[in-house]
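Asker: Input structure: work.pdb, which contains PDB, C-alpha atoms, pLDDT in the B column.
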```pdb
ATOM      1  CA  MET A   1     -44.357  -3.012  35.395  1.00 62.00           C
ATOM      2  CA  VAL A   2     -45.124  -5.181  32.359  1.00 76.00           C
ATOM      3  CA  SER A   3     -41.444  -5.508  31.395  1.00 83.00           C
ATOM      4  CA  TRP A   4     -40.605  -6.718  34.942  1.00 81.00           C
ATOM      5  CA  PHE A   5     -43.248  -9.448  34.692  1.00 79.00           C
ATOM      6  CA  SER A   6     -42.094 -10.370  31.191  1.00 82.00           C
ATOM      7  CA  ASP A   7     -38.491 -10.650  32.403  1.00 82.00           C
ATOM      8  CA  LEU A   8     -39.622 -12.835  35.312  1.00 78.00           C
ATOM      9  CA  LEU A   9     -41.520 -15.181  32.979  1.00 80.00           C
ATOM     10  CA  HIS A  10     -38.538 -15.384  30.640  1.00 83.00           C
ATOM     11  CA  SER A  11     -36.144 -16.119  33.524  1.00 86.00           C
ATOM     12  CA  TYR A  12     -38.259 -18.993  34.809  1.00 83.00           C
ATOM     13  CA  SER A  13     -39.635 -20.265  31.505  1.00 85.00           C
ATOM     14  CA  GLY A  14     -37.980 -23.692  31.920  1.00 86.00           C
ATOM     15  CA  LEU A  15     -39.459 -24.149  35.387  1.00 84.00           C
ATOM     16  CA  ILE A  16     -42.882 -22.969  34.226  1.00 81.00           C
ATOM     17  CA  ILE A  17     -42.859 -25.416  31.306  1.00 86.00           C
ATOM     18  CA  THR A  18     -41.708 -28.290  33.558  1.00 84.00           C
ATOM     19  CA  MET A  19     -44.359 -27.595  36.212  1.00 79.00           C
ATOM     20  CA  SER A  20     -47.064 -27.224  33.568  1.00 81.00           C
ATOM     21  CA  THR A  21     -46.062 -30.521  31.980  1.00 84.00           C
ATOM     22  CA  VAL A  22     -46.030 -32.338  35.335  1.00 78.00           C
ATOM     23  CA  SER A  23     -49.441 -30.864  36.150  1.00 77.00           C
ATOM     24  CA  LEU A  24     -50.909 -31.911  32.805  1.00 81.00           C
ATOM     25  CA  VAL A  25     -49.468 -35.450  32.953  1.00 81.00           C
ATOM     26  CA  THR A  26     -50.631 -35.919  36.549  1.00 76.00           C
ATOM     27  CA  PHE A  27     -54.110 -34.657  35.736  1.00 78.00           C
ATOM     28  CA  ALA A  28     -54.430 -36.845  32.624  1.00 81.00           C
ATOM     29  CA  GLY A  29     -52.960 -39.874  34.399  1.00 78.00           C
ATOM     30  CA  THR A  30     -55.426 -39.705  37.252  1.00 77.00           C
ATOM     31  CA  LEU A  31     -58.334 -39.195  34.871  1.00 80.00           C
ATOM     32  CA  LEU A  32     -57.384 -42.494  33.231  1.00 84.00           C
ATOM     33  CA  VAL A  33     -56.244 -44.600  36.211  1.00 82.00           C
ATOM     34  CA  LEU A  34     -58.419 -43.342  39.072  1.00 82.00           C
ATOM     35  CA  PRO A  35     -61.758 -44.631  37.697  1.00 87.00           C
ATOM     36  CA  ILE A  36     -60.207 -48.072  37.129  1.00 88.00           C
ATOM     37  CA  LEU A  37     -59.041 -48.221  40.736  1.00 83.00           C
ATOM     38  CA  LEU A  38     -62.286 -46.918  42.231  1.00 85.00           C
ATOM     39  CA  ILE A  39     -64.487 -49.444  40.432  1.00 89.00           C
ATOM     40  CA  GLN A  40     -62.238 -52.237  41.755  1.00 88.00           C
ATOM     41  CA  ILE A  41     -63.225 -51.508  45.363  1.00 86.00           C
ATOM     42  CA  PRO A  42     -65.565 -54.318  46.427  1.00 87.00           C
ATOM     43  CA  GLU A  43     -69.104 -53.145  47.220  1.00 86.00           C
ATOM     44  CA  GLU A  44     -68.820 -54.589  50.760  1.00 84.00           C
ATOM     45  CA  TYR A  45     -65.300 -53.232  51.435  1.00 82.00           C
ATOM     46  CA  PHE A  46     -66.439 -51.070  54.371  1.00 79.00           C
ATOM     47  CA  LEU A  47     -68.609 -53.703  56.053  1.00 78.00           C
ATOM     48  CA  GLU A  48     -67.412 -55.693  59.078  1.00 70.00           C
ATOM     49  CA  SER A  49     -67.873 -59.008  57.250  1.00 66.00           C
ATOM     50  CA  HIS A  50     -65.463 -57.935  54.511  1.00 62.00           C
ATOM     51  CA  ARG A  51     -62.931 -56.736  57.084  1.00 60.00           C
ATOM     52  CA  LYS A  52     -62.632 -60.162  58.678  1.00 53.00           C
ATOM     53  CA  LYS A  53     -62.408 -61.938  55.336  1.00 47.00           C
ATOM     54  CA  ASP A  54     -59.847 -59.457  53.985  1.00 45.00           C
ATOM     55  CA  SER A  55     -57.507 -59.710  56.990  1.00 46.00           C
ATOM     56  CA  SER A  56     -56.977 -63.471  56.547  1.00 46.00           C
ATOM     57  CA  ARG A  57     -55.738 -63.157  52.953  1.00 54.00           C
ATOM     58  CA  LYS A  58     -52.091 -63.965  52.200  1.00 58.00           C
ATOM     59  CA  ILE A  59     -50.265 -61.503  49.947  1.00 62.00           C
ATOM     60  CA  ASN A  60     -47.087 -62.028  47.928  1.00 79.00           C
ATOM     61  CA  ILE A  61     -44.316 -59.719  49.245  1.00 84.00           C
ATOM     62  CA  LEU A  62     -43.556 -58.220  45.796  1.00 85.00           C
ATOM     63  CA  PHE A  63     -47.228 -57.446  45.242  1.00 85.00           C
ATOM     64  CA  TYR A  64     -47.407 -55.959  48.735  1.00 85.00           C
ATOM     65  CA  LEU A  65     -44.411 -53.678  48.098  1.00 88.00           C
ATOM     66  CA  ALA A  66     -45.598 -52.617  44.638  1.00 88.00           C
ATOM     67  CA  LYS A  67     -49.094 -51.868  45.922  1.00 88.00           C
ATOM     68  CA  ASN A  68     -47.768 -49.764  48.789  1.00 92.00           C
ATOM     69  CA  LEU A  69     -45.333 -47.846  46.568  1.00 93.00           C
ATOM     70  CA  LEU A  70     -48.130 -47.135  44.079  1.00 90.00           C
ATOM     71  CA  GLY A  71     -50.324 -46.039  46.993  1.00 90.00           C
ATOM     72  CA  ILE A  72     -47.637 -43.623  48.193  1.00 92.00           C
ATOM     73  CA  LEU A  73     -47.309 -42.233  44.653  1.00 89.00           C
ATOM     74  CA  PHE A  74     -51.072 -41.673  44.445  1.00 87.00           C
ATOM     75  CA  LEU A  75     -51.103 -40.108  47.898  1.00 89.00           C
ATOM     76  CA  LEU A  76     -48.395 -37.634  46.856  1.00 89.00           C
ATOM     77  CA  MET A  77     -50.080 -36.905  43.514  1.00 85.00           C
ATOM     78  CA  GLY A  78     -53.382 -36.317  45.306  1.00 85.00           C
ATOM     79  CA  PHE A  79     -51.752 -33.893  47.712  1.00 87.00           C
ATOM     80  CA  ILE A  80     -50.216 -31.988  44.800  1.00 84.00           C
ATOM     81  CA  MET A  81     -53.596 -31.944  43.036  1.00 81.00           C
ATOM     82  CA  LEU A  82     -55.110 -30.126  45.979  1.00 84.00           C
ATOM     83  CA  PHE A  83     -53.188 -27.116  44.625  1.00 82.00           C
ATOM     84  CA  ILE A  84     -53.289 -27.780  40.873  1.00 76.00           C
ATOM     85  CA  PRO A  85     -56.117 -28.997  38.612  1.00 71.00           C
ATOM     86  CA  GLY A  86     -57.079 -32.587  39.349  1.00 69.00           C
ATOM     87  CA  GLN A  87     -59.129 -34.884  41.551  1.00 76.00           C
ATOM     88  CA  GLY A  88     -57.044 -34.417  44.698  1.00 82.00           C
ATOM     89  CA  LEU A  89     -59.291 -35.925  47.366  1.00 81.00           C
ATOM     90  CA  LEU A  90     -60.281 -38.927  45.240  1.00 81.00           C
ATOM     91  CA  THR A  91     -56.641 -39.570  44.357  1.00 84.00           C
ATOM     92  CA  ILE A  92     -55.660 -39.390  48.038  1.00 86.00           C
ATOM     93  CA  PHE A  93     -58.458 -41.851  48.848  1.00 82.00           C
ATOM     94  CA  ALA A  94     -57.260 -44.243  46.114  1.00 84.00           C
ATOM     95  CA  GLY A  95     -53.694 -44.008  47.426  1.00 87.00           C
ATOM     96  CA  LEU A  96     -54.783 -44.772  50.970  1.00 86.00           C
ATOM     97  CA  TRP A  97     -56.922 -47.662  49.727  1.00 83.00           C
ATOM     98  CA  MET A  98     -53.847 -49.259  48.102  1.00 86.00           C
ATOM     99  CA  MET A  99     -51.553 -48.809  51.116  1.00 89.00           C
ATOM    100  CA  ASP A 100     -51.343 -50.878  54.303  1.00 87.00           C
ATOM    101  CA  PHE A 101     -50.608 -49.126  57.604  1.00 86.00           C
ATOM    102  CA  PRO A 102     -51.938 -49.112  61.191  1.00 88.00           C
ATOM    103  CA  GLY A 103     -55.192 -47.165  61.525  1.00 87.00           C
ATOM    104  CA  LYS A 104     -55.905 -47.330  57.796  1.00 84.00           C
ATOM    105  CA  ARG A 105     -59.427 -48.678  58.171  1.00 82.00           C
ATOM    106  CA  VAL A 106     -60.565 -45.944  60.570  1.00 84.00           C
ATOM    107  CA  LEU A 107     -59.104 -43.268  58.285  1.00 85.00           C
ATOM    108  CA  GLU A 108     -60.763 -44.777  55.201  1.00 83.00           C
ATOM    109  CA  ILE A 109     -64.135 -44.857  56.938  1.00 82.00           C
ATOM    110  CA  LYS A 110     -63.798 -41.220  58.026  1.00 85.00           C
ATOM    111  CA  LEU A 111     -62.928 -40.226  54.455  1.00 83.00           C
ATOM    112  CA  ILE A 112     -65.702 -42.236  52.771  1.00 85.00           C
ATOM    113  CA  GLN A 113     -68.248 -40.678  55.122  1.00 84.00           C
ATOM    114  CA  LYS A 114     -67.402 -37.251  53.686  1.00 86.00           C
ATOM    115  CA  ARG A 115     -70.234 -36.522  51.301  1.00 87.00           C
ATOM    116  CA  SER A 116     -68.043 -35.058  48.539  1.00 87.00           C
ATOM    117  CA  ILE A 117     -65.752 -38.084  48.446  1.00 85.00           C
ATOM    118  CA  TYR A 118     -68.597 -40.602  48.572  1.00 88.00           C
ATOM    119  CA  LYS A 119     -70.554 -38.809  45.836  1.00 90.00           C
ATOM    120  CA  GLY A 120     -67.483 -38.644  43.576  1.00 88.00           C
ATOM    121  CA  ILE A 121     -66.751 -42.351  43.986  1.00 89.00           C
ATOM    122  CA  ASP A 122     -70.423 -43.265  43.614  1.00 90.00           C
ATOM    123  CA  TYR A 123     -70.691 -41.258  40.381  1.00 92.00           C
ATOM    124  CA  ILE A 124     -67.685 -43.048  38.874  1.00 91.00           C
ATOM    125  CA  ARG A 125     -68.975 -46.455  39.998  1.00 91.00           C
ATOM    126  CA  ARG A 126     -72.485 -45.831  38.567  1.00 92.00           C
ATOM    127  CA  LYS A 127     -70.994 -44.762  35.219  1.00 92.00           C
ATOM    128  CA  ALA A 128     -69.134 -48.107  35.155  1.00 91.00           C
ATOM    129  CA  GLY A 129     -72.291 -50.056  36.044  1.00 92.00           C
ATOM    130  CA  LYS A 130     -71.054 -50.944  39.544  1.00 91.00           C
ATOM    131  CA  ALA A 131     -73.172 -50.840  42.701  1.00 90.00           C
ATOM    132  CA  SER A 132     -72.737 -48.102  45.287  1.00 89.00           C
ATOM    133  CA  LEU A 133     -70.391 -48.846  48.166  1.00 87.00           C
ATOM    134  CA  LYS A 134     -72.057 -50.005  51.366  1.00 85.00           C
ATOM    135  CA  ILE A 135     -70.604 -48.051  54.254  1.00 79.00           C
ATOM    136  CA  TRP A 136     -70.878 -47.902  58.028  1.00 61.00           C
ATOM    137  CA  GLU A 137     -73.317 -45.351  59.285  1.00 48.00           C
ATOM    138  CA  ASN A 138     -71.340 -44.817  62.492  1.00 46.00           C
ATOM    139  CA  HIS A 139     -67.696 -44.926  63.527  1.00 40.00           C
ATOM    140  CA  PRO A 140     -66.502 -48.571  63.727  1.00 44.00           C
ATOM    141  CA  GLY A 141     -65.543 -48.223  67.370  1.00 41.00           C
ATOM    142  CA  SER A 142     -69.032 -47.213  68.446  1.00 35.00           C
ATOM    143  CA  GLY A 143     -70.407 -50.757  68.314  1.00 42.00           C
ATOM    144  CA  THR A 144     -73.400 -49.749  66.172  1.00 39.00           C
ATOM    145  CA  GLU A 145     -72.433 -50.462  62.628  1.00 42.00           C
ATOM    146  CA  GLY A 146     -74.627 -51.217  59.688  1.00 44.00           C
ATOM    147  CA  SER A 147     -74.615 -50.690  55.985  1.00 44.00           C
ATOM    148  CA  SER A 148     -75.896 -47.744  54.077  1.00 48.00           C
ATOM    149  CA  ASP A 149     -75.866 -46.725  50.465  1.00 54.00           C
ATOM    150  CA  SER A 150     -74.801 -43.180  51.273  1.00 54.00           C
ATOM    151  CA  PRO A 151     -73.193 -41.188  54.050  1.00 56.00           C
ATOM    152  CA  GLU A 152     -75.294 -39.070  56.376  1.00 51.00           C
TER     153      GLU A 152
END
```
Show me this structure written as structure tokens.
Answerer:
Amino acid sequence: MVSWFSDLLHSYSGLIITMSTVSLVTFAGTLLVLPILLIQIPEEYFLESHRKKDSSRKINILFYLAKNLLGILFLLMGFIMLFIPGQGLLTIFAGLWMMDFPGKRVLEIKLIQKRSIYKGIDYIRRKAGKASLKIWENHPGSGTEGSSDSPE
């Protein structure tokens, strides 16, 4: 039994080393980059007033493409980190935050209202001396929005 397992490890040693290296680099990369991205989110990002102001901003096409490609990369890395060591949900949130697509705002609000995601972001922001994010207490389509320092 042990020799079979040893033979299997030897046969796939290159793949095991490659996957381990990718996992380690991804984990280390997100530990360095993710806090920088999360503290850049404006405190009022989830409030209606910020939404209107943000939608009128003009963006350079190269910046737009780079931001969306980086967002896709973070989204993929976050998905992978759901199965390997890393901050999967926070990385997915950061990737979605960088991307632009229809329905993005509703998805972001649903994610930020998840206690585990909000607490993780809030912890990183407090460590950096940033204020907590103000979020909607209710779904944006309900007509009863307000700000709160934490999800329900």
Asker: Give me the residues within 7 Å of segment 111-124 of chain A as a short mmCIF file (atom, residue, chain, number, x, y, z; two decimals) with C-alpha atoms, keeping the file's coordinate frame, counting all atoms listed in the file and dropping any in the same chain fewer than 5 places off.
Answerer:
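Wrote part_8.cif, looks like this:
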```cif
data_model
loop_
_atom_site.label_atom_id
_atom_site.label_comp_id
_atom_site.auth_asym_id
_atom_site.auth_seq_id
_atom_site.Cartn_x
_atom_site.Cartn_y
_atom_site.Cartn_z
CA PRO A 35 -61.76 -44.63 37.70
CA LEU A 38 -62.29 -46.92 42.23
CA LEU A 89 -59.29 -35.92 47.37
CA LEU A 90 -60.28 -38.93 45.24
CA SER A 132 -72.74 -48.10 45.29
CA PRO A 151 -73.19 -41.19 54.05
#
```
Asker: Could you work out how far atom CA of Phe93 of chain A lies from atom CA of Ile17 of chain A, giving the answer in Å with one decimal?
Answerer: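 Interatomic distance, atom CA of Ile17 of chain A to atom CA of Phe93 of chain A: 28.7 Å.
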Asker: Hey, which of A:Met98, A:Ile84, A:Leu47, A:Val22 ends up closest to Ala66 of chain A? Count all atoms listed in the file.
Answerer: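 Closest to Ala66 of chain A, using all atoms listed in the file: A:Met98.
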Asker: Atom CA of Arg125 of chain A and atom CA of Ile39 of chain A are how many Å apart?
Answerer: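 We find that atom CA of Arg125 of chain A and atom CA of Ile39 of chain A lie 5.4 Å from each other.
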Asker: Tell me, in Å to one decimal, how far atom CA of Glu48 of chain A is from atom CA of Leu133 of chain A.
Answerer: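 So the answer is 13.2 Å.
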Asker: Would you place a box with edges along x, y and z of the file around all atoms of segment 68-85 of chain A listed there, add 4 Å to each of its six sides, and report the centre and edge lengths in Å to one decimal, as AutoDock Vina command-line options?
Answerer:
```
--center_x -50.7 --center_y -38.4 --center_z 43.7 --size_x 18.8 --size_y 30.6 --size_z 18.2
```
Asker: Excluding Leu24 of chain A and residues on its chain fewer than 4 positions from it, collect all residues at most 10 Å away from it, counting all atoms listed in the file, and give them as an mmCIF file with C-alpha atoms, in the coordinates of the input.
Answerer:
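Written out: selection-v7.cif:
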```
data_model
loop_
_atom_site.group_PDB
_atom_site.id
_atom_site.type_symbol
_atom_site.label_atom_id
_atom_site.label_comp_id
_atom_site.auth_asym_id
_atom_site.auth_seq_id
_atom_site.Cartn_x
_atom_site.Cartn_y
_atom_site.Cartn_z
ATOM 1 C CA THR A 18 -41.708 -28.290 33.558
ATOM 2 C CA MET A 19 -44.359 -27.595 36.212
ATOM 3 C CA SER A 20 -47.064 -27.224 33.568
ATOM 4 C CA ALA A 28 -54.430 -36.845 32.624
ATOM 5 C CA GLY A 29 -52.960 -39.874 34.399
ATOM 6 C CA ILE A 84 -53.289 -27.780 40.873
ATOM 7 C CA PRO A 85 -56.117 -28.997 38.612
ATOM 8 C CA GLY A 86 -57.079 -32.587 39.349
#
```
